Amino acid sequence: MQNIRRKAISMLLTFAILASMSAAMLFTASASAEDDGPFQVTEDPASAKYLIDEPAVPLRATFEYDVLEGRGSIDSSTPIKVQWYWSYENTITDRSNGLGESAVEYNRQITYTTTVTPPTSTVGVWYYYVVLSYGASVVNNSQQREVVMTEAVSETARIEVVAPPEPPAPEPPAREPVSQDITVKKTDEDGNLLSGAVIALTPANSHFEPNGSPQEATTANGYVSFTVKEGYYILSEKQAPTGYNATDEKYYISVTGEGAFIFTDRYDPYETVTFVNKEIPALNKDDHFAFMQGYPDGTFMPARNMTRAEAVVMFSRLLTKSMNETSDYRNSYYPDVPSTAWYANQVGYMQMLGVLADYSRDGMFRPNDPVTRAEFATLAAHFDNLTLTDTNIFSDVSASHWAVKYINSAAAKGWITGYPDGTFKPEANITRAEVVTLVGRMLDRVADSDYLASNAGSLPRTYSDLKSDHWAYLAIMEASIGHDYVKDSAGEHWTAVY
């Protein structure tokens, strides 16, 4: 009897060991990348081409997981790891050139964005992609739950680094000229010549990086000329004539003993460049309709940020000449604005009006990124004549900051005031409270505090997270409650609300 019992125990132990080995083998199995797994790639890195040593825009990729979407679940105890790779071939299977690994914290809902900046110090072509590895929790044929190591892999981004072509090698001249004339033409959209534009010609190095103080000249009868020595230059528009927005176009010029050349993807003989200006669109300052609303839960969330797409759509609704909602203004100007996006028509329309100059500086719109204070000031500045100042207003906005002229112009008009310590914090994300305050100043709209106080119980909307002593209370109520009004020297007096 004891021998039978020992044999039974031995058989049970043998089955247990085999089951344990089988489970271990399943756990270490590796699944290939697939689109229908729990993790989804919702943003792939974008291909780009750079001159050698040109600063590269960081590559971005985003992975998302939501257990409620029914695409499967992941094992919370298995590490989630993310790693960028590069290859000389257009493949996502090569794992020999890793760029460092990072860990992702487990949650039932995960949105993880990772970035890497490709080097541009060597000429060549590389393919970058990012791999997220995780343990997928699956049910096997025996109806037992097991963990399978799985990968979610982005598409490849082709990064090409090229050397700038050399200027054409001319035949030796009989006599080298000591200088060259650069002529610029300025017109409106209809080709009418415009005077009063400030054109800048900035010295640069051979990679077209600014390295000196610009020459500036103002157009007269639509033209302006510069006389320059040999070297490299960047040609741009600093200020448009009154009533127009400046273009953000730039031209790269090489001047040699043989003449002036303009560089695109090669050097061509310089011909007169034409900068075209578009009229500044007027904002509706007369009709005080609501342009910012709260949320369904009864809050306003004054400290919440606004996306770049939301900011553009908001301004599109404040125009005096309203956008025709039935017309299609979508275009392919920004490669990261899908034609099906809810904001695509408004972005296309505002780009056509010329108010998005310098709002995006790398050719990408980045619609879902929070808009920074510098970016919002830049966008706002395109709805009024630019006011140039001789000195910088804020201590943390240097003369070389990309948005300095827009920030200083907005401050000179009283739209922005900065912080008590004299800073502006240009790279901080703007809040909803700051947005309505700035836009209210642009529109000359100030809420009737007496009306709000005496009708507090009958207002069409109030917010559970907003009290009357909040610093932006009046600006928020002005922006979120449509009203009829009369105006006199004492200010704005509301007569009806809706």
# chains A, B, ... in the order shown; residues from 1 in each chain; ligands from 1
$ residues_around --residues "A:Ser236" --least-positions-apart "5" --cutoff "10 Å" --atoms "only C-alpha atoms" --output "list in words"
Val184, Val198, Ile199, Ala200, Leu201, Thr202, Pro214, Glu216, Ala246, Thr247, Asp248, Glu249, Lys250, Tyr251, Tyr252 and Phe275 of chain A
$ residues_around --residues "A:Ala311" --least-positions-apart "3" --cutoff "9 Å" --atoms "only C-alpha atoms" --output "JSON, numbers by chain"
{"A": [306, 307, 308, 314, 315, 316, 371, 376, 379, 435]}
$ atom_distance --atom1 "atom CA of A:Asp66" --atom2 "atom CA of A:Glu151"
16.0 Å
$ select_by_dssp --residues "stretch 29-103 of chain A" --states "strand (DSSP E or B)" --output "PyMOL selection string"
chain A and resi 30+39-43+48-51+59-66+73-74+80-87+98-103
$ closest_residue --among "A:Gly354, A:Pro118, A:Gly70, A:Pro367" --to "A:Val161" --atoms "only C-alpha atoms"
A:Pro118
$ residues_around --residues "A:Tyr498" --least-positions-apart "6" --cutoff "8 Å" --atoms "only C-alpha atoms" --output "list in words"
Pro460, Ile481, Gly482 and His483 of chain A
$ closest_residue --among "A:Pro210, A:Pro420, A:Gly491, A:Pro45" --to "A:Thr62" --atoms "only C-alpha atoms"
A:Pro45
$ residues_around --residues "A:Met364" --least-positions-apart "6" --cutoff "7 Å" --atoms "only C-alpha atoms" --output "VMD selection string"
chain A and resid 334 to 336
$ atom_distance --atom1 "atom CA of A:Leu318" --atom2 "atom CA of A:Asp287"
9.4 Å
$ atom_distance --atom1 "atom CA of A:Val125" --atom2 "atom CA of A:Tyr333"
25.2 Å
$ residues_around --residues "A:Asp297" --least-positions-apart "4" --cutoff "12 Å" --atoms "only C-alpha atoms" --output "JSON list (two decimals) with C-alpha atoms, in the first residue's frame"
[["chain", "number", "residue", "atom", "x", "y", "z"],
["A", 293, "GLN", "CA", -17.26, 77.59, -22.16],
["A", 301, "MET", "CA", -10.95, 74.61, -14.81],
["A", 461, "ARG", "CA", -23.98, 79.84, -15.89],
["A", 462, "THR", "CA", -21.70, 79.75, -12.89],
["A", 463, "TYR", "CA", -18.85, 77.40, -12.06],
["A", 464, "SER", "CA", -18.31, 75.30, -8.96],
["A", 465, "ASP", "CA", -14.54, 75.85, -9.08]]
$ residues_around --residues "A:Thr378" --least-positions-apart "6" --cutoff "8 Å" --atoms "only C-alpha atoms" --output "CSV table (one decimal) with C-alpha atoms, in the first residue's frame"
chain,number,residue,atom,x,y,z
A,358,ASP,CA,5.9,81.6,-36.8
A,359,TYR,CA,3.3,79.7,-34.8
A,403,ALA,CA,9.1,85.2,-30.3
A,406,TYR,CA,5.6,89.2,-30.7
A,407,ILE,CA,5.9,89.1,-26.9
$ residues_around --residues "A:Glu69" --least-positions-apart "4" --cutoff "10 Å" --atoms "only C-alpha atoms" --output "PyMOL selection string"
chain A and resi 38+65+73+109
$ write_last_selection --atoms "N, CA and C atoms" --output "mmCIF file, in the first residue's frame"
data_model
loop_
_atom_site.group_PDB
_atom_site.id
_atom_site.type_symbol
_atom_site.label_atom_id
_atom_site.label_comp_id
_atom_site.auth_asym_id
_atom_site.auth_seq_id
_atom_site.Cartn_x
_atom_site.Cartn_y
_atom_site.Cartn_z
ATOM 1 N N PRO A 38 -2.666 44.633 -27.132
ATOM 2 C CA PRO A 38 -3.147 45.603 -26.127
ATOM 3 C C PRO A 38 -2.552 46.990 -26.313
ATOM 4 N N TYR A 65 -2.407 52.309 -24.207
ATOM 5 C CA TYR A 65 -3.038 51.067 -23.750
ATOM 6 C C TYR A 65 -4.229 51.425 -22.883
ATOM 7 N N SER A 73 -5.232 42.382 -22.431
ATOM 8 C CA SER A 73 -4.680 42.980 -21.220
ATOM 9 C C SER A 73 -3.216 42.643 -21.102
ATOM 10 N N GLN A 109 -4.671 52.394 -17.768
ATOM 11 C CA GLN A 109 -4.699 53.256 -18.959
ATOM 12 C C GLN A 109 -3.337 53.932 -19.066
#
$ decode --residues "stretch 343-370 of chain A" --atoms "N, CA and C atoms" --output "short mmCIF file (atom, residue, chain, number, x, y, z; two decimals), in the first residue's frame"
data_model
loop_
_atom_site.label_atom_id
_atom_site.label_comp_id
_atom_site.auth_asym_id
_atom_site.auth_seq_id
_atom_site.Cartn_x
_atom_site.Cartn_y
_atom_site.Cartn_z
N TYR A 343 -10.47 69.94 -36.29
CA TYR A 343 -9.93 71.29 -36.39
C TYR A 343 -9.32 71.58 -37.77
N ALA A 344 -9.31 70.60 -38.68
CA ALA A 344 -8.56 70.73 -39.94
C ALA A 344 -9.04 71.91 -40.77
N ASN A 345 -10.35 72.13 -40.86
CA ASN A 345 -10.86 73.21 -41.70
C ASN A 345 -10.45 74.58 -41.15
N GLN A 346 -10.54 74.75 -39.83
CA GLN A 346 -10.18 76.03 -39.22
C GLN A 346 -8.67 76.29 -39.34
N VAL A 347 -7.86 75.26 -39.16
CA VAL A 347 -6.41 75.45 -39.29
C VAL A 347 -6.07 75.85 -40.72
N GLY A 348 -6.69 75.19 -41.71
CA GLY A 348 -6.46 75.55 -43.10
C GLY A 348 -6.87 76.98 -43.40
N TYR A 349 -8.01 77.39 -42.83
CA TYR A 349 -8.50 78.75 -43.07
C TYR A 349 -7.56 79.80 -42.46
N MET A 350 -7.13 79.56 -41.22
CA MET A 350 -6.27 80.53 -40.55
C MET A 350 -4.88 80.57 -41.19
N GLN A 351 -4.41 79.45 -41.68
CA GLN A 351 -3.13 79.45 -42.40
C GLN A 351 -3.26 80.25 -43.69
N MET A 352 -4.39 80.12 -44.37
CA MET A 352 -4.63 80.88 -45.59
C MET A 352 -4.66 82.38 -45.30
N LEU A 353 -5.16 82.78 -44.12
CA LEU A 353 -5.20 84.20 -43.75
C LEU A 353 -3.83 84.75 -43.39
N GLY A 354 -2.86 83.88 -43.13
CA GLY A 354 -1.52 84.34 -42.80
C GLY A 354 -1.27 84.61 -41.34
N VAL A 355 -2.17 84.16 -40.45
CA VAL A 355 -2.01 84.47 -39.03
C VAL A 355 -1.23 83.39 -38.28
N LEU A 356 -0.82 82.32 -38.96
CA LEU A 356 -0.08 81.26 -38.29
C LEU A 356 1.42 81.35 -38.55
N ALA A 357 1.88 82.46 -39.14
CA ALA A 357 3.32 82.64 -39.36
C ALA A 357 4.06 82.60 -38.03
N ASP A 358 5.09 81.79 -37.96
CA ASP A 358 5.95 81.61 -36.77
C ASP A 358 5.24 80.84 -35.65
N TYR A 359 3.94 80.53 -35.78
CA TYR A 359 3.26 79.71 -34.77
C TYR A 359 3.83 78.30 -34.77
N SER A 360 4.22 77.83 -35.96
CA SER A 360 4.93 76.56 -36.09
C SER A 360 6.22 76.85 -36.84
N ARG A 361 7.34 76.48 -36.25
CA ARG A 361 8.62 76.88 -36.81
C ARG A 361 9.40 75.72 -37.43
N ASP A 362 8.89 74.50 -37.33
CA ASP A 362 9.59 73.35 -37.88
C ASP A 362 8.78 72.64 -38.95
N GLY A 363 7.74 73.29 -39.45
CA GLY A 363 6.90 72.68 -40.48
C GLY A 363 5.81 71.78 -39.95
N MET A 364 5.79 71.54 -38.64
CA MET A 364 4.77 70.69 -38.02
C MET A 364 3.83 71.57 -37.19
N PHE A 365 2.55 71.19 -37.15
CA PHE A 365 1.58 71.98 -36.40
C PHE A 365 1.45 71.52 -34.94
N ARG A 366 1.66 70.24 -34.68
CA ARG A 366 1.56 69.67 -33.32
C ARG A 366 0.23 70.07 -32.67
N PRO A 367 -0.90 69.66 -33.24
CA PRO A 367 -2.21 70.15 -32.82
C PRO A 367 -2.58 69.84 -31.39
N ASN A 368 -2.12 68.70 -30.87
CA ASN A 368 -2.54 68.28 -29.53
C ASN A 368 -1.57 68.67 -28.44
N ASP A 369 -0.48 69.34 -28.80
CA ASP A 369 0.45 69.83 -27.78
C ASP A 369 -0.16 71.03 -27.06
N PRO A 370 0.11 71.18 -25.76
CA PRO A 370 -0.34 72.40 -25.07
C PRO A 370 0.33 73.62 -25.69
#
